[in-house]
>>> print(open('protein-v1.txt').read())   # compact mmCIF, C-alpha atoms
# COMPACT_ATOMS: atom_id res chain seq x y z
CA MET O 20 -26.79 -16.60 -26.86
CA GLY O 21 -28.49 -14.84 -29.75
CA ALA O 22 -31.68 -16.72 -28.94
CA LEU O 23 -31.48 -15.47 -25.35
CA LEU O 24 -31.10 -11.92 -26.63
CA LEU O 25 -34.21 -12.29 -28.80
CA ALA O 26 -36.13 -13.79 -25.88
CA ALA O 27 -35.06 -10.89 -23.65
CA TRP O 28 -36.47 -8.44 -26.19
CA PHE O 29 -39.87 -10.15 -26.19
CA ASN O 30 -40.03 -10.81 -22.43
CA ARG O 31 -41.53 -8.02 -20.38
CA ALA O 32 -39.68 -9.09 -17.23
CA ALA O 33 -36.26 -8.62 -18.83
CA GLY O 34 -35.17 -5.04 -18.41
CA PRO O 35 -32.79 -2.97 -20.48
CA ALA O 36 -29.82 -4.05 -18.36
CA VAL O 37 -30.36 -7.69 -19.35
CA VAL O 38 -30.65 -6.75 -23.02
CA ILE O 39 -27.46 -4.66 -22.87
CA VAL O 40 -25.50 -7.44 -21.13
CA LEU O 41 -26.70 -10.05 -23.64
CA SER O 42 -25.94 -7.70 -26.54
CA ALA O 43 -22.40 -7.21 -25.25
CA ALA O 44 -21.98 -10.97 -24.87
CA VAL O 45 -23.13 -11.58 -28.46
CA LEU O 46 -20.77 -8.86 -29.71
CA LEU O 47 -17.83 -10.40 -27.84
CA TRP O 48 -18.68 -13.84 -29.22
CA CYS O 49 -18.79 -12.48 -32.78
CA SER O 50 -15.51 -10.65 -32.29
CA PHE O 51 -13.47 -13.42 -30.67
CA GLN O 52 -15.19 -16.84 -30.89
CA ALA O 53 -17.43 -17.15 -33.95
CA PRO O 54 -16.21 -19.67 -36.57
CA VAL O 55 -15.15 -17.73 -39.68
CA THR O 56 -12.47 -17.94 -42.36
CA CYS O 57 -9.09 -16.40 -41.44
CA GLY O 58 -8.56 -14.17 -44.50
CA ALA O 59 -5.13 -12.94 -43.36
CA GLY O 60 -2.79 -11.80 -46.12
CA VAL O 61 -0.78 -14.58 -47.74
CA ARG O 62 1.81 -14.25 -50.49
CA GLY O 63 0.56 -15.52 -53.80
CA ARG O 64 -3.13 -15.59 -52.84
CA GLU O 65 -5.60 -12.84 -53.59
CA ASP O 66 -8.25 -14.08 -51.17
CA GLY O 67 -5.89 -14.63 -48.22
CA CYS O 68 -5.64 -17.54 -45.80
CA ARG O 69 -8.53 -20.02 -46.03
CA ASN O 70 -8.00 -21.70 -42.63
CA ASN O 71 -10.72 -21.65 -39.98
CA ALA O 72 -10.41 -18.76 -37.54
CA THR O 73 -12.08 -17.74 -34.31
CA GLY O 74 -13.95 -14.46 -34.43
CA LEU O 75 -13.93 -11.50 -36.78
CA LEU O 76 -10.91 -9.93 -35.08
CA LEU O 77 -8.60 -12.93 -34.74
CA GLY O 78 -6.87 -15.14 -37.28
CA CYS O 79 -6.24 -18.87 -37.52
CA HIS O 80 -3.80 -21.16 -35.70
CA ILE O 81 -0.75 -19.76 -37.55
CA ARG O 82 1.14 -17.45 -35.19
CA GLN O 83 1.63 -14.65 -37.73
CA HIS O 84 -2.07 -14.63 -38.59
CA ARG O 85 -3.27 -14.66 -34.97
CA TRP O 86 -3.32 -10.89 -34.47
CA GLN O 87 -2.90 -9.72 -38.07
CA LYS O 88 -6.60 -8.92 -38.54
CA LEU O 89 -6.80 -7.03 -35.24
CA LYS O 90 -3.72 -5.00 -36.22
CA MET O 91 -5.46 -4.09 -39.48
CA LEU O 92 -7.88 -1.93 -37.47
CA ILE O 93 -5.01 0.07 -35.97
CA VAL O 94 -3.02 0.71 -39.16
CA ARG O 95 -4.96 3.33 -41.10
CA ARG O 96 -4.04 1.99 -44.55
CA LYS O 97 -5.36 -1.47 -43.72
CA VAL O 98 -8.81 -0.59 -42.35
CA ARG O 99 -10.36 -0.77 -45.81
CA ALA O 100 -8.96 -4.27 -46.36
CA PHE O 101 -10.30 -5.37 -42.97
CA CYS O 102 -13.77 -3.98 -43.69
CA SER O 103 -13.92 -5.67 -47.10
CA GLY O 104 -13.10 -8.97 -45.40
CA LEU O 105 -16.14 -8.67 -43.14
CA PHE O 106 -18.41 -9.65 -46.05
CA SER O 107 -15.97 -11.92 -47.92
CA ASP O 108 -18.06 -15.09 -47.59
CA GLY O 109 -21.37 -16.25 -46.15
CA LYS O 110 -20.07 -17.12 -42.68
CA ALA O 111 -18.29 -13.79 -42.25
CA ALA O 112 -21.31 -11.86 -43.52
CA LEU O 113 -23.66 -13.63 -41.10
CA VAL O 114 -21.36 -13.05 -38.12
CA THR O 115 -20.85 -9.40 -39.15
CA LEU O 116 -24.59 -8.81 -39.41
CA THR O 117 -25.08 -10.48 -36.02
CA ALA O 118 -22.46 -8.18 -34.48
CA ILE O 119 -24.12 -5.12 -36.02
CA GLY O 120 -27.50 -6.32 -34.74
CA SER O 121 -26.16 -6.72 -31.21
CA ILE O 122 -24.74 -3.19 -31.27
CA LEU O 123 -28.08 -1.82 -32.46
CA SER O 124 -29.86 -3.90 -29.82
CA ALA O 125 -27.77 -2.37 -27.04
CA LEU O 126 -28.31 1.15 -28.39
CA VAL O 127 -32.08 0.70 -28.65
CA ALA O 128 -32.20 -0.78 -25.13
CA LEU O 129 -30.73 2.46 -23.82
CA ILE O 130 -33.71 4.44 -25.16
CA PRO O 131 -36.56 4.37 -22.61
CA GLY O 132 -39.83 2.82 -23.78
CA MET O 133 -38.40 1.02 -26.83
CA THR O 134 -38.89 -2.56 -25.59
CA ILE O 135 -41.50 -4.70 -27.35
CA HIS O 136 -44.65 -5.32 -25.30
>>> encode(input="protein-v1.txt", output="C-alpha cells")
Amino acid sequence: MGALLLAAWFNRAAGPAVVIVLSAAVLLWCSFQAPVTCGAGVRGREDGCRNNATGLLLGCHIRQHRWQKLKMLIVRRKVRAFCSGLFSDGKAALVTLTAIGSILSALVALIPGMTIH
C-alpha cells in the first residue's frame, strides 16, 4: 500500500483525493495491522511484553494487553510511556515513521500545486 502511495505521488493522473485516501489507508494499516512488538506493561519486566502485536495501537493475543496500548493514549499519565514505546525497537520505529509520513502526505496533498510533476 505504501508503494501505491508513492506511485500516486509521482503519477500526474492521480489527484489529491487518491493521495489522501491512500495516505489514510497506510495510516490505518500502521495503527491496527502492522506487525510490531506488543510492549504492554508486564510485572517484573522493564521492557514490557515481547509478543508479536498488530499495529501501533493494539497489543498481542493476551486479552489484557489487547487494548492496553490504546487506553494509554486516553489516560494522561500514560501518554509519555506510549510515545516512548513508538521507537522502542526497529520494527516499531519503521512503522511509526511510516505513519508520520502518511499523515504528512495527506496534509501536503491538501495544498494545491504541491504534487510532483
>>> residues_around(input="protein-v1.txt", residues="range 54-60 of chain O", least_positions_apart="2", cutoff="12 Å", atoms="only C-alpha atoms", output="ChimeraX atom specification")
/O:48-52,62-91,97,100-115
>>> atom_distance(input="protein-v1.txt", atom1="CA of Ala33 in chain O", atom2="CA of Ala128 in chain O")
10.8 Å
>>> atom_distance(input="protein-v1.txt", atom1="CA of Ala22 in chain O", atom2="CA of Leu46 in chain O")
13.5 Å
>>> atom_distance(input="protein-v1.txt", atom1="CA of Asn30 in chain O", atom2="CA of Ile122 in chain O")
19.2 Å
>>> closest_residue(input="protein-v1.txt", among="O:Arg99, O:Ser121, O:Pro35, O:Val127", to="Gly21 in chain O", atoms="all atoms listed in the file")
O:Ser121
